[in-house]
Amino acid sequence: MKNSDHNSHRETGAKATQKRSQMIPGHAEQITERAGSSFRTRSLQWYANVGPIWRFGLKFGALMVLFYVLILAPVFDRLLYSYLEANAWLANVLLNWFGQASHVSEITIRSARFAITVRRGCDAVEPSWFFCAALLAFPAPWSRKVAGMLAGALLLQALNLLRIVSLYFIGLYYPRFFNTAHVEIWPVVFIMVAIALWVGWMSWSRRIASPSVHAGA
C-alpha cells in the first residue's frame, strides 16, 4: 500500500507539473531558447579562452573541411573542367612560344611528338585554397588578407602553368622520369611554395603593422 501511495503521489506531481508548463504560454520554447543561448555562451567563452594557435587551427581546419565538402558538389566538377580547359589553353600558348607547334583540344595539349592531358589534380585549386585558408585563419586586417590572397593565388596559378609546361618537356625528353615528377615532386613543391608564401605574407603583414604601432606609441 505504501509503494502504491508513493507512486500515485509521484504521478500526481508529474501531471501537475505538466499542467503548469502547459498553462504557461511558450514555456517549452523559453526553456529550449535558454538552453541554446547557454550553449552558445559557453562555446563563445571557451573560444575566447583558447590560445591563438588553437583559434588558428580551428579556423584553418574548418575552411579545409569546407573545401573538401564543396568539391563533392556536381557544380564543382563543371567549373573545374572549364578551369582545366583554360589551363591547357594557356600552357599551349607557352609551348608554342617555345616552338613546339602544339595545339589544344579541350584539356589535351598535343604535338607531333607528345601529348599531355590536364586532369583534376593538375591544377592550383587545392594549394590556392590551402594558402587562402591559412590567411583567413590568421588574425590580420581584411585589406591585407585580400591583397595576400590575390597575389598568392596568381603566383600559384603561374606555378601551375610552369608545372604543365615542364611535365610536357619531361614526358617528351625524359619519359621515365615523368611519373616521378608528376606524382611525387610537383605536389611537394606546391605545398612548400604555399607554406613559403604564407610565411612571407605574415612577415609582410607584421612589417606593415609595426610602423602603425610605433606611431600610436
# chains A, B, ... in the order shown; residues from 1 in each chain; ligands from 1
$ select_by_dssp --residues "region 76-213 of chain A" --states "alpha helix (DSSP H)" --output "ChimeraX atom specification"
/A:76-97,125-137,142-173,178-179,186-213
$ select_by_dssp --residues "region 29-215 of chain A" --states "strand (DSSP E or B)" --output "list in words"
His103, Val104, Ser105, Thr108, Ile109, Arg110, Ala115, Ile116 and Thr117 of chain A
$ residues_around --residues "region 169-184 of chain A" --least-positions-apart "6" --cutoff "10 Å" --atoms "only C-alpha atoms" --output "list in words"
Leu95, Gln100, Arg113, Phe114, Ala115, Ile116, Gly121, Cys122 and Arg163 of chain A
$ write_last_selection --atoms "C-alpha atoms" --output "short mmCIF file (atom, residue, chain, number, x, y, z; two decimals), in the first residue's frame"
data_model
loop_
_atom_site.label_atom_id
_atom_site.label_comp_id
_atom_site.auth_asym_id
_atom_site.auth_seq_id
_atom_site.Cartn_x
_atom_site.Cartn_y
_atom_site.Cartn_z
CA LEU A 95 54.61 25.80 -75.51
CA GLN A 100 56.59 23.18 -80.02
CA ARG A 113 55.85 14.20 -80.77
CA PHE A 114 53.96 14.18 -77.46
CA ALA A 115 50.56 14.77 -75.85
CA ILE A 116 49.61 15.66 -72.28
CA GLY A 121 44.95 17.37 -59.65
CA CYS A 122 46.98 19.18 -62.31
CA ARG A 163 54.24 22.55 -63.94
#
$ residues_around --residues "Tyr68 (chain A)" --least-positions-apart "6" --cutoff "12 Å" --atoms "only C-alpha atoms" --output "list in words"
Gly61, Ala62, Phe76, Val125, Glu126, Trp129 and Phe130 of chain A
$ residues_around --residues "region 137-153 of chain A" --least-positions-apart "4" --cutoff "12 Å" --atoms "only C-alpha atoms" --output "short mmCIF file (atom, residue, chain, number, x, y, z; two decimals) with N, CA and C atoms, in the first residue's frame"
data_model
loop_
_atom_site.label_atom_id
_atom_site.label_comp_id
_atom_site.auth_asym_id
_atom_site.auth_seq_id
_atom_site.Cartn_x
_atom_site.Cartn_y
_atom_site.Cartn_z
N PRO A 52 45.83 31.52 -29.22
CA PRO A 52 45.77 31.90 -30.64
C PRO A 52 46.10 30.76 -31.59
N ILE A 53 46.96 29.85 -31.16
CA ILE A 53 47.29 28.72 -32.03
C ILE A 53 46.07 27.83 -32.22
N TRP A 54 45.31 27.60 -31.14
CA TRP A 54 44.09 26.79 -31.24
C TRP A 54 43.07 27.49 -32.13
N ARG A 55 42.94 28.80 -31.99
CA ARG A 55 41.98 29.53 -32.83
C ARG A 55 42.35 29.40 -34.30
N PHE A 56 43.64 29.58 -34.58
CA PHE A 56 44.10 29.45 -35.97
C PHE A 56 43.81 28.04 -36.49
N GLY A 57 44.13 27.03 -35.69
CA GLY A 57 43.92 25.65 -36.11
C GLY A 57 42.46 25.33 -36.36
N LEU A 58 41.57 25.84 -35.50
CA LEU A 58 40.14 25.58 -35.67
C LEU A 58 39.61 26.25 -36.94
N LYS A 59 39.99 27.50 -37.16
CA LYS A 59 39.53 28.20 -38.37
C LYS A 59 40.08 27.54 -39.63
N PHE A 60 41.37 27.25 -39.60
CA PHE A 60 42.00 26.64 -40.78
C PHE A 60 41.39 25.27 -41.07
N GLY A 61 41.20 24.46 -40.02
CA GLY A 61 40.60 23.14 -40.21
C GLY A 61 39.19 23.22 -40.76
N ALA A 62 38.39 24.16 -40.25
CA ALA A 62 37.02 24.31 -40.72
C ALA A 62 36.99 24.72 -42.20
N LEU A 63 37.89 25.61 -42.60
CA LEU A 63 37.93 26.04 -44.00
C LEU A 63 38.38 24.91 -44.93
N MET A 64 39.30 24.08 -44.47
CA MET A 64 39.73 22.95 -45.30
C MET A 64 38.62 21.90 -45.41
N ASP A 123 46.10 21.12 -61.20
CA ASP A 123 45.57 22.48 -61.10
C ASP A 123 46.07 23.10 -59.80
N ALA A 124 45.79 24.38 -59.66
CA ALA A 124 46.25 25.10 -58.47
C ALA A 124 45.12 25.38 -57.49
N VAL A 125 44.00 24.67 -57.64
CA VAL A 125 42.84 24.95 -56.80
C VAL A 125 43.10 24.60 -55.34
N GLU A 126 43.53 23.36 -55.09
CA GLU A 126 43.74 22.94 -53.70
C GLU A 126 44.86 23.71 -53.00
N PRO A 127 46.05 23.88 -53.61
CA PRO A 127 47.07 24.68 -52.92
C PRO A 127 46.66 26.14 -52.73
N SER A 128 45.88 26.69 -53.68
CA SER A 128 45.41 28.07 -53.52
C SER A 128 44.43 28.17 -52.35
N TRP A 129 43.53 27.19 -52.23
CA TRP A 129 42.60 27.19 -51.10
C TRP A 129 43.37 27.00 -49.79
N PHE A 130 44.34 26.12 -49.79
CA PHE A 130 45.19 25.90 -48.61
C PHE A 130 45.83 27.21 -48.17
N PHE A 131 46.39 27.93 -49.13
CA PHE A 131 47.05 29.20 -48.83
C PHE A 131 46.04 30.24 -48.34
N CYS A 132 44.91 30.37 -49.03
CA CYS A 132 43.91 31.35 -48.63
C CYS A 132 43.29 31.02 -47.27
N ALA A 133 43.10 29.73 -46.98
CA ALA A 133 42.57 29.33 -45.68
C ALA A 133 43.52 29.73 -44.56
N GLN A 157 48.97 30.04 -59.54
CA GLN A 157 48.48 29.74 -60.89
C GLN A 157 49.64 29.76 -61.90
N ALA A 158 50.52 30.74 -61.76
CA ALA A 158 51.69 30.79 -62.65
C ALA A 158 52.57 29.56 -62.45
N LEU A 159 52.70 29.13 -61.20
CA LEU A 159 53.48 27.93 -60.92
C LEU A 159 52.83 26.70 -61.55
N ASN A 160 51.51 26.67 -61.57
CA ASN A 160 50.82 25.52 -62.18
C ASN A 160 51.06 25.47 -63.68
N PHE A 190 54.39 22.29 -54.58
CA PHE A 190 53.25 23.17 -54.35
C PHE A 190 53.00 23.41 -52.87
N VAL A 193 55.76 25.73 -51.57
CA VAL A 193 55.58 27.10 -52.05
C VAL A 193 54.41 27.77 -51.34
N ALA A 194 53.30 27.05 -51.14
CA ALA A 194 52.15 27.63 -50.44
C ALA A 194 52.52 28.02 -49.01
N ILE A 195 53.28 27.17 -48.32
CA ILE A 195 53.72 27.49 -46.96
C ILE A 195 54.67 28.68 -46.98
N ALA A 196 55.59 28.70 -47.94
CA ALA A 196 56.54 29.82 -48.04
C ALA A 196 55.81 31.13 -48.31
N LEU A 197 54.79 31.09 -49.17
CA LEU A 197 54.02 32.30 -49.44
C LEU A 197 53.28 32.77 -48.20
N TRP A 198 52.75 31.83 -47.42
CA TRP A 198 52.05 32.21 -46.19
C TRP A 198 53.01 32.83 -45.19
N VAL A 199 54.18 32.24 -45.01
CA VAL A 199 55.17 32.80 -44.09
C VAL A 199 55.61 34.18 -44.57
N GLY A 200 55.83 34.32 -45.87
CA GLY A 200 56.21 35.62 -46.42
C GLY A 200 55.12 36.65 -46.22
N TRP A 201 53.87 36.24 -46.39
CA TRP A 201 52.77 37.18 -46.17
C TRP A 201 52.69 37.61 -44.71
N MET A 202 52.86 36.68 -43.77
CA MET A 202 52.84 37.03 -42.36
C MET A 202 53.94 38.05 -42.03
N SER A 203 55.13 37.81 -42.57
CA SER A 203 56.23 38.75 -42.34
C SER A 203 55.91 40.13 -42.90
N TRP A 204 55.34 40.15 -44.11
CA TRP A 204 54.96 41.42 -44.73
C TRP A 204 53.88 42.13 -43.92
N SER A 205 52.89 41.38 -43.47
CA SER A 205 51.79 41.96 -42.70
C SER A 205 52.29 42.56 -41.39
N ARG A 206 53.21 41.89 -40.74
CA ARG A 206 53.74 42.40 -39.47
C ARG A 206 54.61 43.63 -39.68
N ARG A 207 55.35 43.67 -40.80
CA ARG A 207 56.17 44.85 -41.08
C ARG A 207 55.28 46.06 -41.33
N ILE A 208 54.16 45.86 -41.99
CA ILE A 208 53.24 46.97 -42.22
C ILE A 208 52.60 47.43 -40.90
N ALA A 209 52.31 46.48 -40.04
CA ALA A 209 51.66 46.82 -38.76
C ALA A 209 52.62 47.51 -37.80
#
$ residues_around --residues "Thr117 (chain A)" --least-positions-apart "4" --cutoff "9 Å" --atoms "only C-alpha atoms" --output "ChimeraX atom specification"
/A:88,107-110
$ write_last_selection --atoms "C-alpha atoms" --output "short mmCIF file (atom, residue, chain, number, x, y, z; two decimals), in the first residue's frame"
data_model
loop_
_atom_site.label_atom_id
_atom_site.label_comp_id
_atom_site.auth_asym_id
_atom_site.auth_seq_id
_atom_site.Cartn_x
_atom_site.Cartn_y
_atom_site.Cartn_z
CA ALA A 88 45.51 23.79 -71.08
CA ILE A 107 42.03 19.64 -71.83
CA THR A 108 44.60 17.88 -74.03
CA ILE A 109 47.73 19.51 -75.43
CA ARG A 110 49.08 17.64 -78.43
#
$ atom_distance --atom1 "CA of Asn87 (chain A)" --atom2 "CA of Ser166 (chain A)"
13.6 Å
